[in-house]
Amino acid sequence: MPEIDREKAISFHDMALAAGKITVALHQHPDGDAAGCALAMVSYLRSLGKEAAALFPDRLDNTVSFVTALAPKESFAFFPDSPAAAEKRVAESDLLLVMDCNSCGRTGNLAPFLESAKAPKVLVDHHLGPVEEEFVLTFSTPEVSSASEMTYWLLLMMPEIQGDPGKLPGKSAELLMTGMTTDTNNFANSTFPSTLEMASGLLSAGVDRDALLERLYHSCRESRLRAMGCMLEKMEVFPEGAALMIMTMEERERFGIQDGDTEGFVNIPLEMGSVRLSVWLKEDEGYFRVSVRSKKGTSAARMAALYFCGGGHEQASGGRLWIGEQDDPARKWVKSAKDALEYAEKAIREFLG
Ligand code: 5GP
Ligand code: MN
C-alpha cells in the first residue's frame, strides 16, 4: 500500500468526527475515478452519521453516470441543477474534501466557492504537483493508480474499517473498483502492486467485476464505433513517432456524439509500435479540449504544459486551445479547426524534433 502517515490518517478521522456538514468536491468534467472515490468517501462519512455529500461541478457523462445508482440520492448534487445551493452548501460546510485533482482551481465551477470557504480543506488525489498550501491535510502520491485507490487505502486505515475491505460501507467497494478500473483503463496503465492488492481486497469483499466490465466496456452506443472508424481513417501519423486526431463540432453533430462517446480514442494510436505520443483534439463550445497520451520515456505532461496550457500525469495529460481572437496571453488561441490542427502539427514536430 502507499505510505500514508498514521497520524495524518487519524487527524483526518478526528476532523471528520468533529464536523457536522461535509462536502466533497471533484475536478471539472468528473470521470469514473472522481465520481467513484467521491461517492465512496461520502458513503463512509455518512456511516459516521455525518451530513456528507459529493458536489459535482458538471454533469456526469453517460459512460459513468451509472455510479449514481450506487449511492443514496441525498448523498450527491450537481452544480448545474442549482449553482446557488452549491455555493450555500460549500459556505456552510465544516469540512471540505477535494478529490482526484491537485488544487481547488481544477474544480471548475466550484473553484470560486472553495477559494472563499472558511472550512479546512483536505486533498485526496494522485496527480503530480499537489498544491499543498491550499490544504490542512494532503493524501496524494502519483505512485497509486487513481484517487479511488488512495481513498481505498485511507479508508482501510479508519478505525471503523480496521483494514477489512468487507467493512467498507454501502456500495463503496463497487464505487472504488469502478474508479480504479476506469483510471487504469482496465489495468492497462498506472497499475502498481498496491493496485492489484486493492483489486484482490475488493473482489474478496464481493464486488462483481464481470458486471462492472459489462457496464463499462460492453455498453457503448453505435455512434462511438462509427466515429472511431472515421477518426482513425483521418488520423495523421508523424515519422517523429506521434499521431494526431481531431473531431470538429460538425463531426460531433454528424455522428450524434454525446459526452463519453469518444472516451479512450486518444489511447488507440499508441497501439502502433512506431507511435510514442498521441494527441487528440475535440471541439467544444469556444475551445478545443486536448488530450495527450504517451509511452514511457516521452512526457505527455510536458507536452500538455508546453503547448496546451494544461497538465496531468506523466503519461496521460490534457489541456485546451481557445477559439477566437487572442485576448488573454495566458491562453493559446486558434481561429478555426484548420488552425488548431496546424498548431498541433507544429507542436508535435517541435516537441519530438
Ligand atoms: P483527459 O485527456 O482524460 O481529459 O485528461 C487526462 C489527464 O489530464 C487527467 O488526469 C486530467 O486531470 C488532466 N487534465 C486534463 N485537462 C487538463 C487541463 O486543462 N489542465 C490540467 N492541469 N490537467 C488537465
Ligand atoms: Mn483520477
# chains A, B, ... in the order shown; residues from 1 in each chain; ligands from 1
$ residues_near_ligand --ligand "ligand 2" --cutoff "6 Å" --atoms "only C-alpha atoms and all ligand atoms" --output "PyMOL selection string"
chain A and resi 33+100+146-147+183
$ residues_near_ligand --ligand "ligand 1" --cutoff "7 Å" --atoms "only C-alpha atoms and all ligand atoms" --output "number ranges by chain"
A: 101, 127, 290-292, 309-313, 316-320
$ closest_residue --among "A:Met99, A:Ala188, A:Ile246, A:Ala35" --to "Leu60 of chain A" --atoms "only C-alpha atoms"
A:Ala35
$ select_by_dssp --residues "segment 36-234 of chain A" --states "strand (DSSP E)" --output "list in words"
Glu51, Ala52, Ala53, Ala54, Leu55, Phe56, Phe76, Ala77, Phe78, Leu95, Leu96, Leu97, Val98, Met99, Lys121, Val122, Leu123, Val124, Asp125, Leu137, Thr138, Phe139 and Ser140 of chain A
$ residues_around --residues "Thr178 of chain A" --least-positions-apart "6" --cutoff "8 Å" --atoms "only C-alpha atoms" --output "ChimeraX atom specification"
/A:32-33,36,212
$ write_last_selection --atoms "all heavy atoms" --output "tab-separated table (two decimals), in the first residue's frame"
chain	number	residue	atom	x	y	z
A	32	GLY	N	-14.90	8.52	-14.09
A	32	GLY	CA	-15.26	7.40	-13.23
A	32	GLY	C	-14.49	7.41	-11.92
A	32	GLY	O	-15.03	7.08	-10.86
A	33	ASP	N	-13.22	7.83	-12.00
A	33	ASP	CA	-12.40	7.86	-10.78
A	33	ASP	C	-12.92	8.93	-9.82
A	33	ASP	O	-13.12	8.66	-8.62
A	33	ASP	CB	-10.94	8.13	-11.16
A	33	ASP	CG	-10.01	8.02	-9.96
A	33	ASP	OD1	-10.31	7.24	-9.03
A	33	ASP	OD2	-8.96	8.71	-9.96
A	36	GLY	N	-16.34	7.84	-8.51
A	36	GLY	CA	-16.23	6.64	-7.66
A	36	GLY	C	-15.65	6.96	-6.30
A	36	GLY	O	-16.21	6.57	-5.26
A	212	LEU	N	-19.40	-5.20	-13.69
A	212	LEU	CA	-18.81	-3.87	-13.87
A	212	LEU	C	-18.20	-3.74	-15.27
A	212	LEU	O	-18.40	-2.73	-15.96
A	212	LEU	CB	-17.73	-3.64	-12.80
A	212	LEU	CG	-16.90	-2.37	-12.95
A	212	LEU	CD1	-17.79	-1.13	-12.86
A	212	LEU	CD2	-15.81	-2.30	-11.90
$ select_by_dssp --residues "segment 182-258 of chain A" --states "helix (DSSP H, G or I)" --output "VMD selection string"
chain A and resid 182 to 183 193 to 204 209 to 217 222 to 234 249 to 255
$ write_last_selection --atoms "N, CA and C atoms" --output "short mmCIF file (atom, residue, chain, number, x, y, z; two decimals), in the first residue's frame"
data_model
loop_
_atom_site.label_atom_id
_atom_site.label_comp_id
_atom_site.auth_asym_id
_atom_site.auth_seq_id
_atom_site.Cartn_x
_atom_site.Cartn_y
_atom_site.Cartn_z
N THR A 182 -11.50 2.38 -14.32
CA THR A 182 -11.51 3.36 -15.42
C THR A 182 -10.19 4.12 -15.48
N ASP A 183 -9.59 4.48 -14.34
CA ASP A 183 -8.34 5.24 -14.41
C ASP A 183 -7.16 4.41 -14.90
N PRO A 193 1.81 -2.59 -7.58
CA PRO A 193 1.50 -3.75 -6.72
C PRO A 193 0.30 -3.47 -5.81
N SER A 194 0.24 -2.23 -5.29
CA SER A 194 -0.86 -1.88 -4.38
C SER A 194 -2.21 -1.88 -5.10
N THR A 195 -2.17 -1.63 -6.41
CA THR A 195 -3.42 -1.59 -7.19
C THR A 195 -4.02 -3.00 -7.26
N LEU A 196 -3.13 -3.97 -7.49
CA LEU A 196 -3.63 -5.36 -7.57
C LEU A 196 -4.04 -5.86 -6.19
N GLU A 197 -3.33 -5.39 -5.15
CA GLU A 197 -3.77 -5.74 -3.78
C GLU A 197 -5.17 -5.20 -3.52
N MET A 198 -5.40 -3.96 -3.96
CA MET A 198 -6.71 -3.35 -3.79
C MET A 198 -7.77 -4.17 -4.54
N ALA A 199 -7.45 -4.53 -5.79
CA ALA A 199 -8.41 -5.31 -6.59
C ALA A 199 -8.73 -6.62 -5.89
N SER A 200 -7.69 -7.24 -5.35
CA SER A 200 -7.88 -8.51 -4.65
C SER A 200 -8.78 -8.33 -3.43
N GLY A 201 -8.52 -7.26 -2.67
CA GLY A 201 -9.33 -6.98 -1.48
C GLY A 201 -10.79 -6.74 -1.84
N LEU A 202 -11.01 -6.00 -2.93
CA LEU A 202 -12.38 -5.67 -3.32
C LEU A 202 -13.12 -6.90 -3.86
N LEU A 203 -12.38 -7.76 -4.60
CA LEU A 203 -13.02 -8.99 -5.08
C LEU A 203 -13.40 -9.87 -3.90
N SER A 204 -12.49 -9.96 -2.92
CA SER A 204 -12.80 -10.75 -1.72
C SER A 204 -14.01 -10.19 -0.99
N ARG A 209 -17.04 -8.06 -10.55
CA ARG A 209 -16.24 -7.39 -11.59
C ARG A 209 -16.78 -7.65 -12.99
N ASP A 210 -17.35 -8.84 -13.20
CA ASP A 210 -17.90 -9.14 -14.54
C ASP A 210 -19.01 -8.15 -14.88
N ALA A 211 -19.88 -7.89 -13.92
CA ALA A 211 -20.99 -6.95 -14.17
C ALA A 211 -20.44 -5.56 -14.43
N LEU A 212 -19.40 -5.20 -13.69
CA LEU A 212 -18.81 -3.87 -13.87
C LEU A 212 -18.20 -3.74 -15.27
N LEU A 213 -17.47 -4.76 -15.71
CA LEU A 213 -16.84 -4.70 -17.04
C LEU A 213 -17.88 -4.63 -18.14
N GLU A 214 -18.96 -5.37 -17.96
CA GLU A 214 -20.06 -5.33 -18.93
C GLU A 214 -20.58 -3.89 -19.05
N ARG A 215 -20.76 -3.26 -17.90
CA ARG A 215 -21.30 -1.91 -17.86
C ARG A 215 -20.33 -0.90 -18.48
N LEU A 216 -19.03 -1.09 -18.19
CA LEU A 216 -18.04 -0.11 -18.65
C LEU A 216 -17.64 -0.30 -20.11
N TYR A 217 -17.50 -1.55 -20.53
CA TYR A 217 -16.86 -1.78 -21.84
C TYR A 217 -17.73 -2.46 -22.88
N GLU A 222 -23.76 2.92 -30.86
CA GLU A 222 -23.22 2.68 -32.21
C GLU A 222 -22.38 3.88 -32.69
N SER A 223 -22.83 5.08 -32.32
CA SER A 223 -22.13 6.28 -32.80
C SER A 223 -20.66 6.26 -32.41
N ARG A 224 -20.34 5.66 -31.25
CA ARG A 224 -18.94 5.61 -30.83
C ARG A 224 -18.08 4.87 -31.86
N LEU A 225 -18.51 3.70 -32.27
CA LEU A 225 -17.69 2.92 -33.19
C LEU A 225 -17.67 3.53 -34.60
N ARG A 226 -18.80 4.13 -35.03
CA ARG A 226 -18.82 4.80 -36.34
C ARG A 226 -17.82 5.96 -36.34
N ALA A 227 -17.85 6.76 -35.27
CA ALA A 227 -16.95 7.91 -35.19
C ALA A 227 -15.50 7.46 -35.07
N MET A 228 -15.29 6.37 -34.35
CA MET A 228 -13.92 5.85 -34.17
C MET A 228 -13.33 5.49 -35.54
N GLY A 229 -14.15 4.83 -36.36
CA GLY A 229 -13.68 4.46 -37.71
C GLY A 229 -13.27 5.68 -38.50
N CYS A 230 -14.09 6.71 -38.43
CA CYS A 230 -13.81 7.95 -39.19
C CYS A 230 -12.54 8.62 -38.66
N MET A 231 -12.41 8.70 -37.35
CA MET A 231 -11.24 9.37 -36.75
C MET A 231 -9.95 8.63 -37.10
N LEU A 232 -10.00 7.31 -37.09
CA LEU A 232 -8.79 6.52 -37.39
C LEU A 232 -8.42 6.65 -38.87
N GLU A 233 -9.43 6.73 -39.70
CA GLU A 233 -9.21 6.92 -41.14
C GLU A 233 -8.47 8.24 -41.40
N LYS A 234 -8.90 9.28 -40.66
CA LYS A 234 -8.33 10.63 -40.89
C LYS A 234 -7.02 10.87 -40.12
N MET A 249 -16.78 20.21 -34.42
CA MET A 249 -18.18 20.30 -33.98
C MET A 249 -19.09 19.70 -35.05
N GLU A 250 -18.76 19.95 -36.30
CA GLU A 250 -19.57 19.42 -37.42
C GLU A 250 -19.59 17.89 -37.33
N GLU A 251 -18.44 17.29 -37.07
CA GLU A 251 -18.39 15.82 -36.96
C GLU A 251 -19.13 15.32 -35.72
N ARG A 252 -19.01 16.06 -34.63
CA ARG A 252 -19.76 15.67 -33.41
C ARG A 252 -21.24 15.59 -33.72
N GLU A 253 -21.71 16.60 -34.46
CA GLU A 253 -23.14 16.62 -34.79
C GLU A 253 -23.49 15.53 -35.77
N ARG A 254 -22.64 15.34 -36.78
CA ARG A 254 -22.92 14.34 -37.82
C ARG A 254 -23.02 12.94 -37.21
N PHE A 255 -22.16 12.63 -36.25
CA PHE A 255 -22.19 11.28 -35.64
C PHE A 255 -23.12 11.20 -34.44
#
$ closest_residue --among "A:Leu175, A:Val98, A:Val90, A:Ala117" --to "Ala40 of chain A" --atoms "only C-alpha atoms"
A:Leu175
$ residues_around --residues "Leu110 of chain A" --least-positions-apart "6" --cutoff "10 Å" --atoms "only C-alpha atoms" --output "list of chain:residue names"
A:Ala25, A:Leu26, A:His27, A:Gln28, A:Leu55, A:Phe56, A:Pro57, A:Asp58, A:Phe79, A:Pro83, A:Ala86, A:Glu87, A:Val90, A:Cys104
$ closest_residue --among "A:Pro120, A:Pro2, A:Gly170, A:Pro130" --to "Arg46 of chain A" --atoms "only C-alpha atoms"
A:Gly170
$ residues_around --residues "Glu74 of chain A" --least-positions-apart "5" --cutoff "12 Å" --atoms "only C-alpha atoms" --output "list in words"
Leu39, Val42, Ser43, Arg46, Glu51, Ala52, Ala53, Ala54, Leu55, Thr68 and Ala69 of chain A
$ write_last_selection --atoms "N, CA, C and O atoms" --output "compact mmCIF listing (two decimals), in the first residue's frame"
# COMPACT_ATOMS: atom_id res chain seq x y z
N LEU A 39 -18.09 9.34 -4.16
CA LEU A 39 -19.29 8.69 -3.60
C LEU A 39 -18.92 7.65 -2.55
O LEU A 39 -19.66 7.44 -1.58
N VAL A 42 -18.09 9.64 0.59
CA VAL A 42 -19.34 10.14 1.18
C VAL A 42 -20.08 9.01 1.90
O VAL A 42 -20.62 9.20 3.00
N SER A 43 -20.07 7.84 1.30
CA SER A 43 -20.72 6.69 1.93
C SER A 43 -20.09 6.41 3.30
O SER A 43 -20.79 6.19 4.30
N ARG A 46 -21.04 9.26 5.75
CA ARG A 46 -22.44 9.12 6.19
C ARG A 46 -22.60 7.97 7.18
O ARG A 46 -23.46 8.02 8.06
N GLU A 51 -23.61 14.64 7.79
CA GLU A 51 -24.41 15.11 6.65
C GLU A 51 -23.41 15.38 5.53
O GLU A 51 -22.98 16.52 5.30
N ALA A 52 -23.00 14.31 4.85
CA ALA A 52 -21.96 14.43 3.82
C ALA A 52 -22.58 14.29 2.44
O ALA A 52 -23.54 13.54 2.25
N ALA A 53 -22.02 15.03 1.47
CA ALA A 53 -22.48 14.92 0.08
C ALA A 53 -21.34 15.25 -0.88
O ALA A 53 -20.46 16.05 -0.57
N ALA A 54 -21.39 14.59 -2.05
CA ALA A 54 -20.46 14.91 -3.13
C ALA A 54 -21.12 15.99 -3.99
O ALA A 54 -22.31 15.92 -4.27
N LEU A 55 -20.31 16.99 -4.38
CA LEU A 55 -20.81 18.07 -5.22
C LEU A 55 -20.08 17.99 -6.56
O LEU A 55 -18.86 18.18 -6.63
N THR A 68 -24.17 6.78 -9.99
CA THR A 68 -25.07 7.47 -9.06
C THR A 68 -26.15 6.52 -8.53
O THR A 68 -26.72 6.76 -7.47
N ALA A 69 -26.40 5.44 -9.27
CA ALA A 69 -27.37 4.45 -8.78
C ALA A 69 -26.80 3.65 -7.60
O ALA A 69 -27.53 2.93 -6.91
$ residues_around --residues "Trp322 of chain A" --least-positions-apart "5" --cutoff "10 Å" --atoms "only C-alpha atoms" --output "short mmCIF file (atom, residue, chain, number, x, y, z; two decimals) with N, CA and C atoms, in the first residue's frame"
data_model
loop_
_atom_site.label_atom_id
_atom_site.label_comp_id
_atom_site.auth_asym_id
_atom_site.auth_seq_id
_atom_site.Cartn_x
_atom_site.Cartn_y
_atom_site.Cartn_z
N GLU A 283 -13.42 19.51 -30.52
CA GLU A 283 -14.00 20.86 -30.46
C GLU A 283 -15.17 20.88 -29.49
N ASP A 284 -15.20 21.95 -28.68
CA ASP A 284 -16.29 22.18 -27.74
C ASP A 284 -16.77 23.61 -27.97
N GLU A 285 -17.69 24.10 -27.14
CA GLU A 285 -18.15 25.48 -27.32
C GLU A 285 -17.04 26.45 -26.97
N GLY A 286 -16.41 27.04 -27.97
CA GLY A 286 -15.42 28.09 -27.72
C GLY A 286 -13.99 27.60 -27.49
N TYR A 287 -13.79 26.30 -27.51
CA TYR A 287 -12.42 25.80 -27.32
C TYR A 287 -12.30 24.35 -27.81
N PHE A 288 -11.06 23.92 -27.95
CA PHE A 288 -10.79 22.51 -28.22
C PHE A 288 -10.28 21.88 -26.93
N ARG A 289 -10.88 20.77 -26.52
CA ARG A 289 -10.31 20.00 -25.42
C ARG A 289 -9.19 19.16 -26.00
N PHE A 308 -0.37 23.33 -24.57
CA PHE A 308 -1.84 23.34 -24.46
C PHE A 308 -2.32 23.88 -23.10
N ASP A 328 -6.22 37.03 -24.23
CA ASP A 328 -5.67 36.69 -22.93
C ASP A 328 -4.38 35.92 -23.19
N ARG A 331 -3.61 32.21 -22.41
CA ARG A 331 -4.23 31.12 -23.14
C ARG A 331 -3.67 31.03 -24.55
N LYS A 332 -3.77 29.85 -25.14
CA LYS A 332 -3.35 29.69 -26.53
C LYS A 332 -4.60 29.75 -27.40
N TRP A 333 -4.60 30.67 -28.37
CA TRP A 333 -5.79 30.91 -29.19
C TRP A 333 -5.61 30.39 -30.61
N VAL A 334 -6.69 29.85 -31.18
CA VAL A 334 -6.69 29.44 -32.59
C VAL A 334 -7.98 30.00 -33.21
N LYS A 335 -7.95 30.16 -34.57
CA LYS A 335 -9.11 30.78 -35.22
C LYS A 335 -10.13 29.74 -35.69
N SER A 336 -9.64 28.53 -36.00
CA SER A 336 -10.52 27.54 -36.63
C SER A 336 -9.96 26.15 -36.38
N ALA A 340 -6.15 25.00 -35.55
CA ALA A 340 -5.84 24.14 -34.39
C ALA A 340 -4.98 22.96 -34.83
#
$ closest_residue --among "A:Ala243, A:Glu174, A:Met1, A:Leu168" --to "Trp153 of chain A" --atoms "only C-alpha atoms"
A:Met1
$ residues_around --residues "Gly353 of chain A" --least-positions-apart "4" --cutoff "10 Å" --atoms "only C-alpha atoms" --output "PDB file with N, CA, C and O atoms, in the first residue's frame"
ATOM      1  N   GLU A 240       8.142  11.254 -36.736  1.00  0.00           N
ATOM      2  CA  GLU A 240       8.818  11.518 -35.451  1.00  0.00           C
ATOM      3  C   GLU A 240       8.293  10.599 -34.348  1.00  0.00           C
ATOM      4  O   GLU A 240       8.857  10.542 -33.259  1.00  0.00           O
ATOM      5  N   GLY A 241       7.195   9.878 -34.596  1.00  0.00           N
ATOM      6  CA  GLY A 241       6.672   8.943 -33.591  1.00  0.00           C
ATOM      7  C   GLY A 241       5.423   9.443 -32.885  1.00  0.00           C
ATOM      8  O   GLY A 241       5.228   9.191 -31.694  1.00  0.00           O
ATOM      9  N   ALA A 347       3.474  21.790 -33.062  1.00  0.00           N
ATOM     10  CA  ALA A 347       3.861  21.484 -31.684  1.00  0.00           C
ATOM     11  C   ALA A 347       4.478  20.086 -31.600  1.00  0.00           C
ATOM     12  O   ALA A 347       5.498  19.876 -30.941  1.00  0.00           O
ATOM     13  N   ILE A 348       3.866  19.129 -32.274  1.00  0.00           N
ATOM     14  CA  ILE A 348       4.363  17.749 -32.244  1.00  0.00           C
ATOM     15  C   ILE A 348       5.769  17.680 -32.838  1.00  0.00           C
ATOM     16  O   ILE A 348       6.685  17.085 -32.256  1.00  0.00           O
ATOM     17  N   ARG A 349       5.939  18.318 -33.994  1.00  0.00           N
ATOM     18  CA  ARG A 349       7.260  18.267 -34.662  1.00  0.00           C
ATOM     19  C   ARG A 349       8.321  18.924 -33.780  1.00  0.00           C
ATOM     20  O   ARG A 349       9.434  18.416 -33.651  1.00  0.00           O
TER      21      ARG A 349
END
$ decode --residues "segment 286-297 of chain A" --atoms "all heavy atoms" --output "PDB file, in the first residue's frame"
ATOM      1  N   GLY A 286     -16.406  27.044 -27.972  1.00  0.00           N
ATOM      2  CA  GLY A 286     -15.416  28.088 -27.722  1.00  0.00           C
ATOM      3  C   GLY A 286     -13.989  27.603 -27.494  1.00  0.00           C
ATOM      4  O   GLY A 286     -13.095  28.408 -27.268  1.00  0.00           O
ATOM      5  N   TYR A 287     -13.791  26.301 -27.513  1.00  0.00           N
ATOM      6  CA  TYR A 287     -12.422  25.798 -27.320  1.00  0.00           C
ATOM      7  C   TYR A 287     -12.301  24.354 -27.813  1.00  0.00           C
ATOM      8  O   TYR A 287     -13.311  23.694 -28.076  1.00  0.00           O
ATOM      9  CB  TYR A 287     -12.011  25.878 -25.847  1.00  0.00           C
ATOM     10  CG  TYR A 287     -12.833  25.033 -24.905  1.00  0.00           C
ATOM     11  CD1 TYR A 287     -12.414  23.749 -24.553  1.00  0.00           C
ATOM     12  CD2 TYR A 287     -14.039  25.498 -24.365  1.00  0.00           C
ATOM     13  CE1 TYR A 287     -13.172  22.966 -23.696  1.00  0.00           C
ATOM     14  CE2 TYR A 287     -14.793  24.723 -23.510  1.00  0.00           C
ATOM     15  CZ  TYR A 287     -14.352  23.458 -23.177  1.00  0.00           C
ATOM     16  OH  TYR A 287     -15.101  22.676 -22.337  1.00  0.00           O
ATOM     17  N   PHE A 288     -11.060  23.923 -27.953  1.00  0.00           N
ATOM     18  CA  PHE A 288     -10.785  22.507 -28.220  1.00  0.00           C
ATOM     19  C   PHE A 288     -10.284  21.876 -26.927  1.00  0.00           C
ATOM     20  O   PHE A 288      -9.353  22.405 -26.303  1.00  0.00           O
ATOM     21  CB  PHE A 288      -9.694  22.342 -29.284  1.00  0.00           C
ATOM     22  CG  PHE A 288     -10.186  22.576 -30.690  1.00  0.00           C
ATOM     23  CD1 PHE A 288     -10.199  23.859 -31.225  1.00  0.00           C
ATOM     24  CD2 PHE A 288     -10.653  21.521 -31.461  1.00  0.00           C
ATOM     25  CE1 PHE A 288     -10.670  24.080 -32.512  1.00  0.00           C
ATOM     26  CE2 PHE A 288     -11.129  21.739 -32.753  1.00  0.00           C
ATOM     27  CZ  PHE A 288     -11.135  23.023 -33.278  1.00  0.00           C
ATOM     28  N   ARG A 289     -10.883  20.774 -26.523  1.00  0.00           N
ATOM     29  CA  ARG A 289     -10.310  20.005 -25.419  1.00  0.00           C
ATOM     30  C   ARG A 289      -9.192  19.160 -26.000  1.00  0.00           C
ATOM     31  O   ARG A 289      -9.358  18.515 -27.024  1.00  0.00           O
ATOM     32  CB  ARG A 289     -11.362  19.080 -24.808  1.00  0.00           C
ATOM     33  CG  ARG A 289     -12.162  19.773 -23.732  1.00  0.00           C
ATOM     34  CD  ARG A 289     -13.281  18.921 -23.259  1.00  0.00           C
ATOM     35  NE  ARG A 289     -12.843  17.981 -22.235  1.00  0.00           N
ATOM     36  CZ  ARG A 289     -13.696  17.252 -21.530  1.00  0.00           C
ATOM     37  NH1 ARG A 289     -14.986  17.336 -21.756  1.00  0.00           N
ATOM     38  NH2 ARG A 289     -13.251  16.434 -20.605  1.00  0.00           N
ATOM     39  N   VAL A 290      -8.062  19.181 -25.337  1.00  0.00           N
ATOM     40  CA  VAL A 290      -6.907  18.447 -25.837  1.00  0.00           C
ATOM     41  C   VAL A 290      -6.574  17.315 -24.874  1.00  0.00           C
ATOM     42  O   VAL A 290      -6.534  17.522 -23.663  1.00  0.00           O
ATOM     43  CB  VAL A 290      -5.671  19.385 -25.962  1.00  0.00           C
ATOM     44  CG1 VAL A 290      -4.489  18.635 -26.538  1.00  0.00           C
ATOM     45  CG2 VAL A 290      -6.003  20.611 -26.796  1.00  0.00           C
ATOM     46  N   SER A 291      -6.360  16.122 -25.414  1.00  0.00           N
ATOM     47  CA  SER A 291      -5.868  15.005 -24.612  1.00  0.00           C
ATOM     48  C   SER A 291      -4.541  14.553 -25.189  1.00  0.00           C
ATOM     49  O   SER A 291      -4.389  14.475 -26.413  1.00  0.00           O
ATOM     50  CB  SER A 291      -6.836  13.817 -24.660  1.00  0.00           C
ATOM     51  OG  SER A 291      -7.992  14.107 -23.912  1.00  0.00           O
ATOM     52  N   VAL A 292      -3.598  14.263 -24.308  1.00  0.00           N
ATOM     53  CA  VAL A 292      -2.281  13.802 -24.736  1.00  0.00           C
ATOM     54  C   VAL A 292      -1.947  12.516 -23.996  1.00  0.00           C
ATOM     55  O   VAL A 292      -2.141  12.445 -22.774  1.00  0.00           O
ATOM     56  CB  VAL A 292      -1.191  14.866 -24.435  1.00  0.00           C
ATOM     57  CG1 VAL A 292       0.138  14.442 -25.024  1.00  0.00           C
ATOM     58  CG2 VAL A 292      -1.586  16.241 -24.958  1.00  0.00           C
ATOM     59  N   ARG A 293      -1.501  11.517 -24.718  1.00  0.00           N
ATOM     60  CA  ARG A 293      -1.055  10.269 -24.095  1.00  0.00           C
ATOM     61  C   ARG A 293       0.320   9.920 -24.646  1.00  0.00           C
ATOM     62  O   ARG A 293       0.613  10.205 -25.806  1.00  0.00           O
ATOM     63  CB  ARG A 293      -2.011   9.107 -24.414  1.00  0.00           C
ATOM     64  CG  ARG A 293      -3.433   9.298 -23.913  1.00  0.00           C
ATOM     65  CD  ARG A 293      -3.524   9.234 -22.383  1.00  0.00           C
ATOM     66  NE  ARG A 293      -4.901   9.306 -21.952  1.00  0.00           N
ATOM     67  CZ  ARG A 293      -5.567  10.435 -21.713  1.00  0.00           C
ATOM     68  NH1 ARG A 293      -4.976  11.607 -21.867  1.00  0.00           N
ATOM     69  NH2 ARG A 293      -6.829  10.394 -21.329  1.00  0.00           N
ATOM     70  N   SER A 294       1.142   9.261 -23.821  1.00  0.00           N
ATOM     71  CA  SER A 294       2.478   8.899 -24.299  1.00  0.00           C
ATOM     72  C   SER A 294       2.911   7.566 -23.722  1.00  0.00           C
ATOM     73  O   SER A 294       2.331   7.079 -22.752  1.00  0.00           O
ATOM     74  CB  SER A 294       3.481   9.982 -23.890  1.00  0.00           C
ATOM     75  OG  SER A 294       3.578  10.048 -22.483  1.00  0.00           O
ATOM     76  N   LYS A 295       3.944   7.009 -24.363  1.00  0.00           N
ATOM     77  CA  LYS A 295       4.577   5.817 -23.800  1.00  0.00           C
ATOM     78  C   LYS A 295       5.680   6.267 -22.854  1.00  0.00           C
ATOM     79  O   LYS A 295       6.154   7.418 -22.943  1.00  0.00           O
ATOM     80  CB  LYS A 295       5.144   4.954 -24.925  1.00  0.00           C
ATOM     81  CG  LYS A 295       4.039   4.272 -25.740  1.00  0.00           C
ATOM     82  CD  LYS A 295       4.603   3.434 -26.861  1.00  0.00           C
ATOM     83  CE  LYS A 295       3.474   2.800 -27.661  1.00  0.00           C
ATOM     84  NZ  LYS A 295       3.919   2.324 -28.985  1.00  0.00           N
ATOM     85  N   LYS A 296       6.140   5.385 -21.968  1.00  0.00           N
ATOM     86  CA  LYS A 296       7.202   5.724 -21.014  1.00  0.00           C
ATOM     87  C   LYS A 296       8.412   6.262 -21.769  1.00  0.00           C
ATOM     88  O   LYS A 296       8.762   5.765 -22.833  1.00  0.00           O
ATOM     89  CB  LYS A 296       7.590   4.477 -20.213  1.00  0.00           C
ATOM     90  CG  LYS A 296       6.531   4.079 -19.200  1.00  0.00           C
ATOM     91  CD  LYS A 296       7.127   3.840 -17.801  1.00  0.00           C
ATOM     92  CE  LYS A 296       6.038   3.808 -16.761  1.00  0.00           C
ATOM     93  NZ  LYS A 296       5.310   2.536 -16.726  1.00  0.00           N
ATOM     94  N   GLY A 297       9.022   7.320 -21.224  1.00  0.00           N
ATOM     95  CA  GLY A 297      10.180   7.917 -21.875  1.00  0.00           C
ATOM     96  C   GLY A 297       9.806   9.180 -22.646  1.00  0.00           C
ATOM     97  O   GLY A 297      10.659   9.981 -22.993  1.00  0.00           O
TER      98      GLY A 297
END
